[in-house]
$ cat protein-v8.cif   # mmCIF, C-alpha atoms and all ligand atoms
data_work
#
loop_
_atom_site.label_atom_id
_atom_site.label_comp_id
_atom_site.auth_asym_id
_atom_site.auth_seq_id
_atom_site.Cartn_x
_atom_site.Cartn_y
_atom_site.Cartn_z
CA MET A 1 13.61 5.84 -24.31
CA SER A 2 10.62 8.17 -24.75
CA LEU A 3 8.27 8.73 -21.84
CA LEU A 4 5.20 6.50 -21.76
CA PRO A 5 1.78 8.16 -21.23
CA VAL A 6 0.25 7.31 -17.85
CA ALA A 7 -2.89 5.65 -19.24
CA GLU A 8 -0.84 3.43 -21.55
CA ALA A 9 1.48 2.41 -18.73
CA GLN A 10 -1.51 1.61 -16.49
CA ALA A 11 -3.05 -0.56 -19.22
CA ARG A 12 0.22 -2.39 -19.78
CA LEU A 13 0.71 -2.99 -16.08
CA LEU A 14 -2.80 -4.36 -15.58
CA ALA A 15 -2.32 -6.62 -18.59
CA LEU A 16 0.64 -8.23 -16.78
CA GLY A 17 -1.50 -9.28 -13.79
CA ASP A 18 -3.98 -12.15 -13.89
CA ARG A 19 -7.00 -12.23 -11.63
CA LEU A 20 -6.34 -14.40 -8.59
CA ALA A 21 -8.56 -17.34 -7.68
CA ALA A 22 -11.93 -16.73 -6.03
CA GLU A 23 -12.53 -17.60 -2.39
CA ASP A 24 -15.77 -17.80 -0.40
CA VAL A 25 -15.81 -15.26 2.42
CA PRO A 26 -18.53 -14.62 5.03
CA ALA A 27 -20.57 -11.63 3.83
CA SER A 28 -19.77 -9.58 6.92
CA ALA A 29 -16.05 -9.84 6.09
CA CYS A 30 -16.40 -8.83 2.44
CA ALA A 31 -16.08 -5.05 2.77
CA GLY A 32 -13.30 -3.78 0.53
CA ARG A 33 -13.31 -6.91 -1.62
CA TRP A 34 -14.52 -7.49 -5.20
CA LEU A 35 -17.06 -10.03 -6.39
CA ALA A 36 -15.57 -12.84 -8.43
CA ARG A 37 -18.90 -13.85 -10.01
CA ASP A 38 -22.32 -12.33 -10.68
CA ILE A 39 -24.69 -13.06 -7.84
CA HIS A 40 -28.43 -13.58 -8.03
CA ALA A 41 -31.24 -13.37 -5.49
CA LEU A 42 -32.13 -16.66 -3.83
CA ARG A 43 -35.42 -15.20 -2.56
CA ASP A 44 -38.01 -12.49 -3.14
CA GLN A 45 -37.62 -9.28 -1.15
CA PRO A 46 -40.06 -8.52 0.39
CA TRP A 47 -41.23 -12.13 0.59
CA ALA A 48 -44.92 -10.99 0.66
CA ASP A 49 -46.86 -7.71 0.61
CA LEU A 50 -45.63 -6.16 3.87
CA SER A 51 -46.83 -3.26 5.96
CA ALA A 52 -44.50 -0.24 6.03
CA MET A 53 -46.20 1.15 9.15
CA ASP A 54 -47.84 0.19 12.44
CA GLY A 55 -51.64 0.31 12.03
CA TYR A 56 -54.44 -1.68 10.48
CA ALA A 57 -54.65 -3.66 7.26
CA ILE A 58 -57.84 -2.74 5.42
CA ARG A 59 -59.48 -2.68 2.02
CA ALA A 60 -59.16 0.93 0.76
CA SER A 61 -62.54 0.63 -0.98
CA GLU A 62 -64.27 0.23 2.42
CA TRP A 63 -63.08 3.65 3.62
CA PRO A 64 -63.83 5.05 6.24
CA GLY A 65 -65.00 1.79 7.81
CA PRO A 66 -66.06 0.85 10.35
CA TRP A 67 -64.20 -2.46 10.37
CA ARG A 68 -64.10 -5.26 12.89
CA VAL A 69 -60.54 -6.08 13.95
CA THR A 70 -60.45 -9.83 13.56
CA ALA A 71 -56.75 -10.70 13.27
CA GLU A 72 -53.23 -9.60 14.06
CA SER A 73 -50.15 -9.75 11.84
CA ILE A 74 -46.64 -9.36 13.21
CA ALA A 75 -43.21 -9.52 11.57
CA GLY A 76 -41.93 -13.05 11.91
CA GLY A 77 -45.44 -14.52 11.85
CA GLY A 78 -46.70 -16.40 8.83
CA LEU A 79 -49.32 -15.20 6.39
CA PRO A 80 -52.58 -14.38 8.29
CA LEU A 81 -55.99 -15.73 7.30
CA PRO A 82 -57.86 -13.80 4.59
CA LEU A 83 -60.05 -10.83 5.55
CA ALA A 84 -63.75 -10.99 4.86
CA ALA A 85 -65.73 -7.87 3.92
CA GLY A 86 -65.81 -5.35 6.78
CA GLU A 87 -62.85 -6.93 8.55
CA SER A 88 -59.43 -5.48 9.30
CA ALA A 89 -56.25 -6.79 10.93
CA ARG A 90 -54.03 -5.16 13.49
CA ILE A 91 -50.66 -5.01 11.72
CA PHE A 92 -47.12 -3.94 12.53
CA THR A 93 -44.23 -2.69 10.44
CA GLY A 94 -42.69 -5.51 8.40
CA ALA A 95 -45.67 -7.86 8.89
CA PRO A 96 -47.48 -9.48 5.93
CA LEU A 97 -50.89 -8.20 4.82
CA PRO A 98 -53.70 -10.72 5.12
CA PRO A 99 -55.06 -11.79 1.73
CA GLY A 100 -57.87 -9.42 0.84
CA ALA A 101 -56.26 -6.39 2.48
CA ASP A 102 -54.63 -3.91 0.14
CA THR A 103 -53.80 -0.86 2.25
CA VAL A 104 -52.53 0.04 5.73
CA LEU A 105 -54.21 2.70 7.83
CA ILE A 106 -51.64 4.10 10.26
CA GLN A 107 -52.73 3.91 13.86
CA GLU A 108 -52.44 7.70 14.34
CA ASP A 109 -55.35 8.10 11.87
CA ALA A 110 -57.53 5.39 13.40
CA ASP A 111 -60.09 5.34 16.23
CA LEU A 112 -61.11 2.14 17.95
CA GLU A 113 -64.52 2.42 19.55
CA GLU A 114 -66.24 -0.57 21.11
CA GLY A 115 -64.18 -2.94 19.03
CA LEU A 116 -64.89 -1.11 15.79
CA LEU A 117 -62.22 0.64 13.76
CA HIS A 118 -62.97 4.02 12.14
CA ALA A 119 -60.65 5.90 9.80
CA ARG A 120 -60.08 9.62 10.01
CA GLY A 121 -59.19 12.01 7.23
CA PRO A 122 -59.36 11.65 3.46
CA GLY A 123 -59.36 8.16 2.00
CA LEU A 124 -56.20 6.25 1.22
CA SER A 125 -55.26 5.11 -2.27
CA VAL A 126 -54.91 1.35 -2.73
CA GLY A 127 -51.46 0.16 -1.71
CA ARG A 128 -50.72 3.02 0.66
CA ASN A 129 -48.17 2.02 3.34
CA VAL A 130 -47.64 -1.36 1.67
CA ARG A 131 -44.39 -2.69 0.26
CA PRO A 132 -45.43 -5.09 -2.50
CA ALA A 133 -43.92 -8.57 -2.62
CA ALA A 134 -40.63 -8.67 -4.60
CA SER A 135 -40.68 -4.90 -5.15
CA ASP A 136 -37.05 -4.62 -4.00
CA PHE A 137 -35.91 -7.65 -6.01
CA HIS A 138 -37.24 -11.00 -7.09
CA LYS A 139 -35.81 -14.48 -6.81
CA GLY A 140 -33.38 -15.14 -9.66
CA GLN A 141 -32.75 -11.45 -10.32
CA GLN A 142 -29.10 -10.48 -10.75
CA LEU A 143 -28.15 -8.41 -7.72
CA LEU A 144 -24.47 -7.63 -8.29
CA THR A 145 -22.02 -8.05 -11.14
CA ALA A 146 -18.63 -9.77 -11.12
CA GLY A 147 -15.97 -7.19 -10.37
CA ALA A 148 -18.28 -5.03 -8.24
CA ALA A 149 -16.72 -3.36 -5.21
CA LEU A 150 -18.32 -4.63 -2.03
CA GLY A 151 -19.21 -2.04 0.57
CA PRO A 152 -21.86 -1.98 3.28
CA ALA A 153 -24.78 -1.44 0.88
CA GLN A 154 -23.73 -4.24 -1.48
CA ILE A 155 -23.23 -6.57 1.49
CA ALA A 156 -26.72 -5.73 2.77
CA LEU A 157 -28.19 -6.46 -0.66
CA ALA A 158 -26.38 -9.79 -1.00
CA VAL A 159 -27.39 -10.91 2.49
CA LEU A 160 -31.04 -9.97 1.92
CA GLY A 161 -30.76 -11.87 -1.33
CA GLY A 162 -30.08 -14.97 0.74
CA HIS A 163 -26.28 -15.19 0.61
CA GLY A 164 -24.28 -15.88 3.76
CA SER A 165 -20.94 -15.84 2.03
CA LEU A 166 -19.75 -14.38 -1.25
CA PRO A 167 -17.21 -15.39 -3.88
CA VAL A 168 -14.52 -12.71 -3.88
CA GLY A 169 -11.12 -12.47 -5.50
CA ALA A 170 -8.12 -13.46 -3.37
CA ARG A 171 -5.84 -10.54 -2.62
CA PRO A 172 -2.30 -10.46 -3.92
CA ARG A 173 0.64 -10.99 -1.61
CA VAL A 174 3.04 -8.09 -2.02
CA ALA A 175 6.79 -8.10 -1.33
CA LEU A 176 8.27 -4.73 -0.36
CA ILE A 177 11.91 -3.80 -0.93
CA SER A 178 13.37 -0.43 0.11
CA THR A 179 16.70 0.24 -1.58
CA GLY A 180 19.40 2.69 -0.52
CA ASN A 181 22.61 2.78 1.53
CA GLU A 182 21.29 5.83 3.36
CA LEU A 183 18.27 4.10 4.86
CA VAL A 184 17.81 2.91 8.44
CA PRO A 185 14.75 1.14 9.87
CA PRO A 186 11.95 3.27 11.33
CA GLY A 187 12.90 4.63 14.76
CA ALA A 188 16.60 3.71 14.48
CA PRO A 189 19.26 6.39 15.14
CA THR A 190 20.07 8.57 12.12
CA PRO A 191 23.75 9.55 12.13
CA PRO A 192 24.75 12.08 9.45
CA GLY A 193 24.00 10.73 6.00
CA ARG A 194 21.29 8.38 7.18
CA LEU A 195 17.51 8.74 7.14
CA PRO A 196 14.61 6.57 8.23
CA SER A 197 13.09 4.44 5.51
CA SER A 198 9.55 5.75 5.29
CA ASN A 199 8.52 4.18 1.99
CA GLY A 200 8.08 0.67 3.40
CA PRO A 201 5.68 1.75 6.18
CA MET A 202 3.88 4.10 3.78
CA LEU A 203 3.31 1.38 1.18
CA GLY A 204 2.49 -1.11 3.92
CA ALA A 205 -0.26 1.25 5.06
CA MET A 206 -1.61 1.71 1.54
CA LEU A 207 -1.60 -2.03 0.87
CA GLY A 208 -2.87 -2.88 4.34
CA ALA A 209 -5.94 -0.75 3.65
CA LEU A 210 -6.67 -3.12 0.74
CA GLY A 211 -6.07 -6.14 2.97
CA CYS A 212 -2.92 -7.36 1.22
CA GLU A 213 -0.53 -9.66 2.98
CA ILE A 214 2.95 -8.08 2.98
CA LEU A 215 6.25 -9.90 2.61
CA ASP A 216 8.62 -7.29 4.03
CA ILE A 217 12.08 -7.77 2.55
CA GLY A 218 13.17 -4.58 4.32
CA ILE A 219 16.09 -2.33 3.44
CA VAL A 220 18.54 -3.48 0.79
CA PRO A 221 21.80 -1.55 0.28
CA ASP A 222 22.90 -0.37 -3.17
CA ASP A 223 24.70 -3.62 -3.97
CA LEU A 224 23.94 -5.56 -7.13
CA ASP A 225 24.27 -9.05 -5.64
CA LEU A 226 22.21 -8.23 -2.56
CA MET A 227 19.59 -6.65 -4.77
CA ILE A 228 19.44 -9.73 -7.03
CA GLN A 229 19.09 -12.00 -3.99
CA SER A 230 16.32 -9.79 -2.59
CA LEU A 231 14.42 -9.82 -5.86
CA GLU A 232 14.69 -13.61 -6.00
CA ARG A 233 13.33 -13.92 -2.48
CA ALA A 234 10.57 -11.45 -3.29
CA SER A 235 9.52 -13.35 -6.41
CA GLN A 236 7.51 -15.83 -4.32
CA ALA A 237 4.97 -13.00 -3.85
CA ASP A 238 2.36 -12.05 -6.46
CA ILE A 239 3.68 -8.50 -6.72
CA ILE A 240 7.18 -7.20 -5.99
CA VAL A 241 7.50 -3.51 -5.21
CA SER A 242 10.81 -1.76 -4.78
CA THR A 243 11.42 1.89 -4.02
CA GLY A 244 14.52 3.87 -4.91
CA GLY A 245 17.35 3.14 -7.28
CA ALA A 246 14.99 3.55 -10.23
CA SER A 247 16.65 6.50 -11.90
CA VAL A 248 19.83 6.86 -13.94
CA GLY A 249 22.49 7.43 -11.25
CA ASP A 250 25.53 5.18 -10.83
CA HIS A 251 23.96 3.68 -7.71
CA ASP A 252 20.53 3.13 -9.21
CA LEU A 253 20.79 -0.63 -9.42
CA VAL A 254 17.23 -1.80 -9.56
CA ARG A 255 17.03 -2.12 -13.33
CA PRO A 256 20.34 -3.98 -13.75
CA ALA A 257 19.54 -6.23 -10.77
CA PHE A 258 16.10 -6.99 -12.18
CA ALA A 259 17.64 -7.92 -15.54
CA ALA A 260 20.35 -10.06 -13.89
CA ALA A 261 17.71 -11.90 -11.83
CA GLY A 262 16.02 -12.89 -15.09
CA GLY A 263 13.33 -10.22 -15.04
CA ASP A 264 11.56 -9.13 -18.19
CA LEU A 265 11.13 -5.35 -18.21
CA ASP A 266 7.91 -4.13 -19.82
CA PHE A 267 8.33 -0.38 -19.43
CA TRP A 268 10.44 2.28 -17.76
CA LYS A 269 9.90 6.04 -17.50
CA ILE A 270 6.46 7.57 -17.52
CA ARG A 271 5.31 10.97 -18.73
CA MET A 272 4.32 12.11 -15.25
CA ARG A 273 5.54 14.33 -12.48
CA PRO A 274 6.35 13.08 -9.95
CA GLY A 275 7.11 9.48 -10.80
CA LYS A 276 9.03 9.55 -14.06
CA PRO A 277 11.47 6.70 -13.27
CA LEU A 278 8.70 4.12 -12.62
CA MET A 279 9.37 0.71 -14.17
CA ALA A 280 7.40 -2.53 -14.44
CA GLY A 281 7.90 -6.04 -15.69
CA LYS A 282 7.68 -9.70 -14.75
CA LEU A 283 10.06 -11.79 -12.72
CA ARG A 284 8.94 -15.38 -13.12
CA ASP A 285 5.27 -15.38 -12.01
CA ALA A 286 5.54 -12.15 -10.04
CA ILE A 287 4.77 -8.71 -11.36
CA PHE A 288 7.51 -6.26 -10.57
CA LEU A 289 6.93 -2.58 -9.99
CA GLY A 290 9.96 -0.38 -9.36
CA LEU A 291 8.85 2.89 -7.79
CA PRO A 292 11.03 5.99 -7.49
CA GLY A 293 12.63 6.54 -4.08
CA ASN A 294 11.40 10.04 -3.37
CA PRO A 295 8.58 9.56 -0.87
CA VAL A 296 6.08 11.71 -2.75
CA SER A 297 6.94 10.04 -6.06
CA ALA A 298 6.52 6.63 -4.42
CA PHE A 299 3.16 7.71 -2.97
CA VAL A 300 1.83 9.05 -6.26
CA THR A 301 3.02 6.11 -8.35
CA ALA A 302 1.62 3.67 -5.78
CA THR A 303 -1.73 5.46 -6.00
CA LEU A 304 -1.77 5.36 -9.80
CA PHE A 305 -0.16 1.98 -10.46
CA LEU A 306 0.35 -0.30 -7.45
CA LEU A 307 -3.11 0.02 -5.91
CA PRO A 308 -4.89 -0.37 -9.27
CA LEU A 309 -2.82 -3.51 -9.94
CA VAL A 310 -3.81 -4.92 -6.54
CA ARG A 311 -7.48 -4.14 -7.15
CA HIS A 312 -7.31 -5.65 -10.63
CA MET A 313 -5.73 -8.89 -9.39
CA ALA A 314 -8.26 -9.01 -6.54
CA GLY A 315 -11.07 -8.90 -9.09
CA ALA A 316 -12.06 -5.23 -9.42
CA ALA A 317 -13.83 -4.40 -12.68
CA ASP A 318 -12.92 -0.76 -12.18
CA PRO A 319 -9.43 -0.72 -10.63
CA LEU A 320 -8.15 2.72 -11.63
CA PRO A 321 -8.54 5.77 -9.37
CA ARG A 322 -11.77 7.62 -10.05
CA ILE A 323 -11.17 10.99 -11.67
CA ALA A 324 -13.73 13.63 -10.74
CA SER A 325 -14.02 17.33 -11.46
CA ALA A 326 -13.60 20.09 -8.89
CA THR A 327 -13.28 23.86 -8.69
CA LEU A 328 -9.96 25.55 -8.03
CA ALA A 329 -9.75 27.92 -5.06
CA ALA A 330 -6.20 29.02 -5.95
CA PRO A 331 -4.53 29.46 -9.35
CA LEU A 332 -2.13 26.93 -10.88
CA PRO A 333 0.84 27.51 -13.17
CA ALA A 334 1.13 26.00 -16.64
CA THR A 335 2.36 22.42 -16.76
CA GLY A 336 5.54 21.25 -18.46
CA GLU A 337 6.12 18.26 -20.69
CA ARG A 338 4.86 15.68 -18.20
CA ASP A 339 1.37 15.26 -16.70
CA ASP A 340 1.32 16.83 -13.26
CA TYR A 341 -0.18 15.10 -10.24
CA LEU A 342 -0.36 18.01 -7.84
CA ARG A 343 -0.90 17.38 -4.17
CA ALA A 344 -3.83 19.50 -2.99
CA PHE A 345 -6.40 19.85 -0.25
CA ARG A 346 -10.11 20.61 -0.37
CA THR A 347 -11.61 23.72 1.16
CA GLY A 348 -15.20 25.00 1.21
CA ASP A 349 -14.32 27.12 -1.84
CA GLY A 350 -12.54 24.41 -3.80
CA LEU A 351 -9.10 22.87 -4.19
CA ILE A 352 -5.80 24.46 -3.25
CA ALA A 353 -2.50 22.89 -4.30
CA VAL A 354 -0.01 22.56 -1.44
CA THR A 355 2.82 25.08 -1.63
CA SER A 356 5.69 22.66 -2.11
CA GLN A 357 5.26 20.33 -5.05
CA ASP A 358 8.75 18.90 -4.54
CA SER A 359 8.78 15.12 -4.78
CA ALA A 360 10.58 14.87 -1.45
CA ALA A 361 8.19 17.19 0.44
CA THR A 362 6.47 14.81 2.84
CA ALA A 363 5.14 17.54 5.16
CA ALA A 364 3.22 18.97 2.19
CA LEU A 365 2.10 15.46 1.14
CA ALA A 366 0.68 14.83 4.60
CA ARG A 367 -1.57 17.89 4.27
CA ALA A 368 -3.00 16.74 0.94
CA ASP A 369 -6.27 14.87 0.48
CA SER A 370 -6.40 15.08 -3.32
CA LEU A 371 -4.31 14.87 -6.45
CA ILE A 372 -5.04 17.44 -9.13
CA VAL A 373 -4.40 15.88 -12.53
CA ARG A 374 -3.12 18.26 -15.19
CA THR A 375 -2.08 16.97 -18.58
CA ALA A 376 1.23 17.96 -20.09
CA GLY A 377 1.13 21.33 -21.80
CA SER A 378 -1.87 22.68 -19.83
CA ALA A 379 -2.17 26.48 -19.68
CA PRO A 380 -2.21 28.25 -16.29
CA ALA A 381 -5.50 27.73 -14.44
CA ALA A 382 -7.44 30.41 -12.54
CA VAL A 383 -9.60 30.43 -9.41
CA GLY A 384 -13.01 29.00 -10.35
CA ASP A 385 -11.66 26.79 -13.14
CA GLN A 386 -12.63 23.12 -13.15
CA VAL A 387 -9.80 20.61 -12.82
CA ALA A 388 -9.58 16.82 -12.78
CA VAL A 389 -9.04 15.41 -9.31
CA ILE A 390 -8.37 12.08 -7.61
CA SER A 391 -9.49 11.77 -4.00
CA LEU A 392 -6.88 10.28 -1.71
CA HIS A 393 -9.55 9.28 0.80
CA ALA A 394 -11.31 6.47 -0.98
N1 LIG B 401 20.06 12.84 -13.93
C1 LIG B 401 18.85 12.51 -13.50
N2 LIG B 401 18.64 12.44 -12.21
C2 LIG B 401 17.41 12.09 -11.75
C3 LIG B 401 16.38 11.85 -12.65
C4 LIG B 401 16.65 11.91 -14.04
O1 LIG B 401 15.78 11.68 -14.88
N3 LIG B 401 17.90 12.22 -14.40
N4 LIG B 401 15.15 11.57 -12.16
C5 LIG B 401 14.84 12.18 -10.90
C6 LIG B 401 13.56 11.74 -10.43
S1 LIG B 401 12.23 12.31 -11.30
C7 LIG B 401 13.39 11.00 -9.32
S2 LIG B 401 11.81 10.66 -8.78
C8 LIG B 401 14.48 10.51 -8.55
C9 LIG B 401 14.19 9.06 -8.15
O2 LIG B 401 15.27 8.34 -8.19
P1 LIG B 401 15.46 6.90 -7.57
O3 LIG B 401 14.26 6.09 -7.71
O4 LIG B 401 16.69 6.38 -8.14
O5 LIG B 401 15.55 7.18 -6.01
P2 LIG B 401 16.82 7.31 -5.09
O6 LIG B 401 17.85 8.10 -5.78
O7 LIG B 401 17.16 6.01 -4.56
O8 LIG B 401 16.18 8.18 -3.93
C10 LIG B 401 15.62 9.44 -4.16
C11 LIG B 401 15.41 10.14 -2.82
O9 LIG B 401 14.47 9.42 -2.06
C12 LIG B 401 15.01 9.04 -0.79
N5 LIG B 401 14.54 7.70 -0.46
C13 LIG B 401 14.79 6.57 -1.14
N6 LIG B 401 14.21 5.52 -0.56
C14 LIG B 401 13.58 6.00 0.53
C15 LIG B 401 12.82 5.39 1.56
N7 LIG B 401 12.60 4.05 1.57
N8 LIG B 401 12.31 6.16 2.52
C16 LIG B 401 12.54 7.49 2.52
N9 LIG B 401 13.26 8.12 1.57
C17 LIG B 401 13.78 7.39 0.60
C18 LIG B 401 16.49 9.03 -1.04
O10 LIG B 401 17.21 9.16 0.14
C19 LIG B 401 16.68 10.17 -1.99
O11 LIG B 401 16.72 11.40 -1.29
O12 LIG B 401 15.69 10.63 -9.26
C20 LIG B 401 15.90 11.93 -9.83
N10 LIG B 401 17.20 12.01 -10.40
O1 LIG B 402 9.44 12.08 -11.06
MO1 LIG B 402 10.44 12.51 -9.84
O2 LIG B 402 9.30 11.53 -9.09
O3 LIG B 402 9.71 14.05 -10.37
O4 LIG B 402 10.78 13.49 -8.52
#
$ encode --input "protein-v8.cif" --output "structure tokens"
Amino acid sequence: MSLLPVAEAQARLLALGDRLAAEDVPASACAGRWLARDIHALRDQPWADLSAMDGYAIRASEWPGPWRVTAESIAGGGLPLPLAAGESARIFTGAPLPPGADTVLIQEDADLEEGLLHARGPGLSVGRNVRPAASDFHKGQQLLTAGAALGPAQIALAVLGGHGSLPVGARPRVALISTGNELVPPGAPTPPGRLPSSNGPMLGAMLGALGCEILDIGIVPDDLDLMIQSLERASQADIIVSTGGASVGDHDLVRPAFAAAGGDLDFWKIRMRPGKPLMAGKLRDAIFLGLPGNPVSAFVTATLFLLPLVRHMAGAADPLPRIASATLAAPLPATGERDDYLRAFRTGDGLIAVTSQDSAATAALARADSLIVRTAGSAPAAVGDQVAVISLHA
């Protein structure tokens, strides 16, 4: 089987997963979710011409006054009565201008003498210190598009637009299976030959950050029947993720178990390093993703495949990791026949790849905050060169 290019494998994986149903969620709880529908403004913002400063509402053409101060406008009050010629209104930030006023004189530039207001300094242009009605957005205007990622700014916009809750995509439920006779649960004793299973907690943390509910199947030994049973149990989730047993060894049982459970394999083996043995398919309604067991390989493939699948199913229009450009602060060797995803960290001078690029090197992984993406067959790169990079801190 030839190795599948990463982009093609990502497209095929996303094509397996349908968007989940929308649910209405209070706006304040929508951070990290994706809009299921376009949303439109239910009101004008600002609702009227509002003062941007504390001062006096005037007609700019009457500069420099004097004006009689005949009214007061405060935020939360209604629209004041209109100003007649020679009149001004005391006004505060966020308060509506009285009809007739067109400009706000800030109080630092004003003198009040015997009830008469005088302006100091050069005249003000019409509209100074005023936020016109609907200048931010108008009622009916589309504010956000289906598939948009919701963060604090988008939530603020939606709430100002009049929405108390938002339609967002439900998040997939993910079943996690860690395979391997050598694995023990986190914190358990590790006699010779045994090691703690770190992939489950690692993936749990990655998925937890996206708010996914986890169905933890736990550690499954390298036994075909047990593996089949575990896959069947896991198939009640939206996504099944296994780690380990994905390669070609005699004890790599994930593929045969998946087939025996009735799974339909879509692809296996990707042109990437680390992560070559990645596989994906469908088991009944669940999407199955078999990640390699090496912790770094599992991390990188989860970043490039699992998390995008989750985002896609949860409604993201743009589910793939964002690839940016950055300067190298240390040279890189040529790449081989697979695309390299090099663990690296940022410095003030640019990116430096961690020393050990071994797919089992977790100490090096834990120092990384970026993945440098180098396509297969790339020439060596020098300090100062631009490289493609994925940030690991979203
Ligand atoms: N002859 C070949 N051998 C291998 C190939 C190949 O193409 N031909 N591919 C290599 C690559 S690339 C990778 S990656 C690994 C991945 O293989 P598996 O997915 O079958 O992983 P395992 O063999 O089960 O485990 C690999 C390694 O990771 C440790 N591990 C597994 N699960 C966990 C866990 N939950 N927590 C922590 N560590 C875990 C495991 O003990 C092994 O050391 O195959 C190469 N071989
Ligand atoms: O692809 Mo493996 O993940 O290189 O070690």
$ closest_residue --input "protein-v8.cif" --among "A:Gly140, A:Pro274, A:Gly193, A:Gly65" --to "Leu371 in chain A" --atoms "all atoms listed in the file"
A:Pro274
$ residues_near_ligand --input "protein-v8.cif" --ligand "ligand LIG 401 (chain B)" --cutoff "9 Å" --atoms "all atoms listed in the file" --output "ChimeraX atom specification"
/A:177-184,194-202,219,222,242-249,251-254,269,272-278,290-298,359-360
$ closest_residue --input "protein-v8.cif" --among "A:Asp266, A:Asp285, A:Asp339, A:Asp238" --to "ligand LIG 402 (chain B)" --atoms "all atoms listed in the file"
A:Asp339
$ residues_near_point --input "protein-v8.cif" --point "(-3.0, 28.8, -6.2)" --cutoff "8 Å" --atoms "all atoms listed in the file" --output "PyMOL selection string"
chain A and resi 328-332+352-353+382-383
$ residues_around --input "protein-v8.cif" --residues "Ile240 in chain A" --least-positions-apart "3" --cutoff "10 Å" --atoms "only C-alpha atoms" --output "PyMOL selection string"
chain A and resi 173-177+214-215+217+231-237+280-283+286-290+306
$ closest_residue --input "protein-v8.cif" --among "A:Leu166, A:Ala85, A:Ala31, A:Ala368" --to "Leu210 in chain A" --atoms "only C-alpha atoms"
A:Ala31
$ closest_residue --input "protein-v8.cif" --among "A:Gly377, A:Gly336, A:Gly32, A:Pro96" --to "ligand LIG 402 (chain B)" --atoms "only C-alpha atoms and all ligand atoms"
A:Gly336
$ atom_distance --input "protein-v8.cif" --atom1 "CA of Tyr341 in chain A" --atom2 "CA of Gly204 in chain A"
21.7 Å
$ closest_residue --input "protein-v8.cif" --among "A:Ala376, A:Ala156, A:Val300, A:Ala366" --to "ligand LIG 402 (chain B)" --atoms "all atoms listed in the file"
A:Val300
$ closest_residue --input "protein-v8.cif" --among "A:Gly151, A:Pro66, A:Pro189, A:Gly100" --to "Glu113 in chain A" --atoms "all atoms listed in the file"
A:Pro66
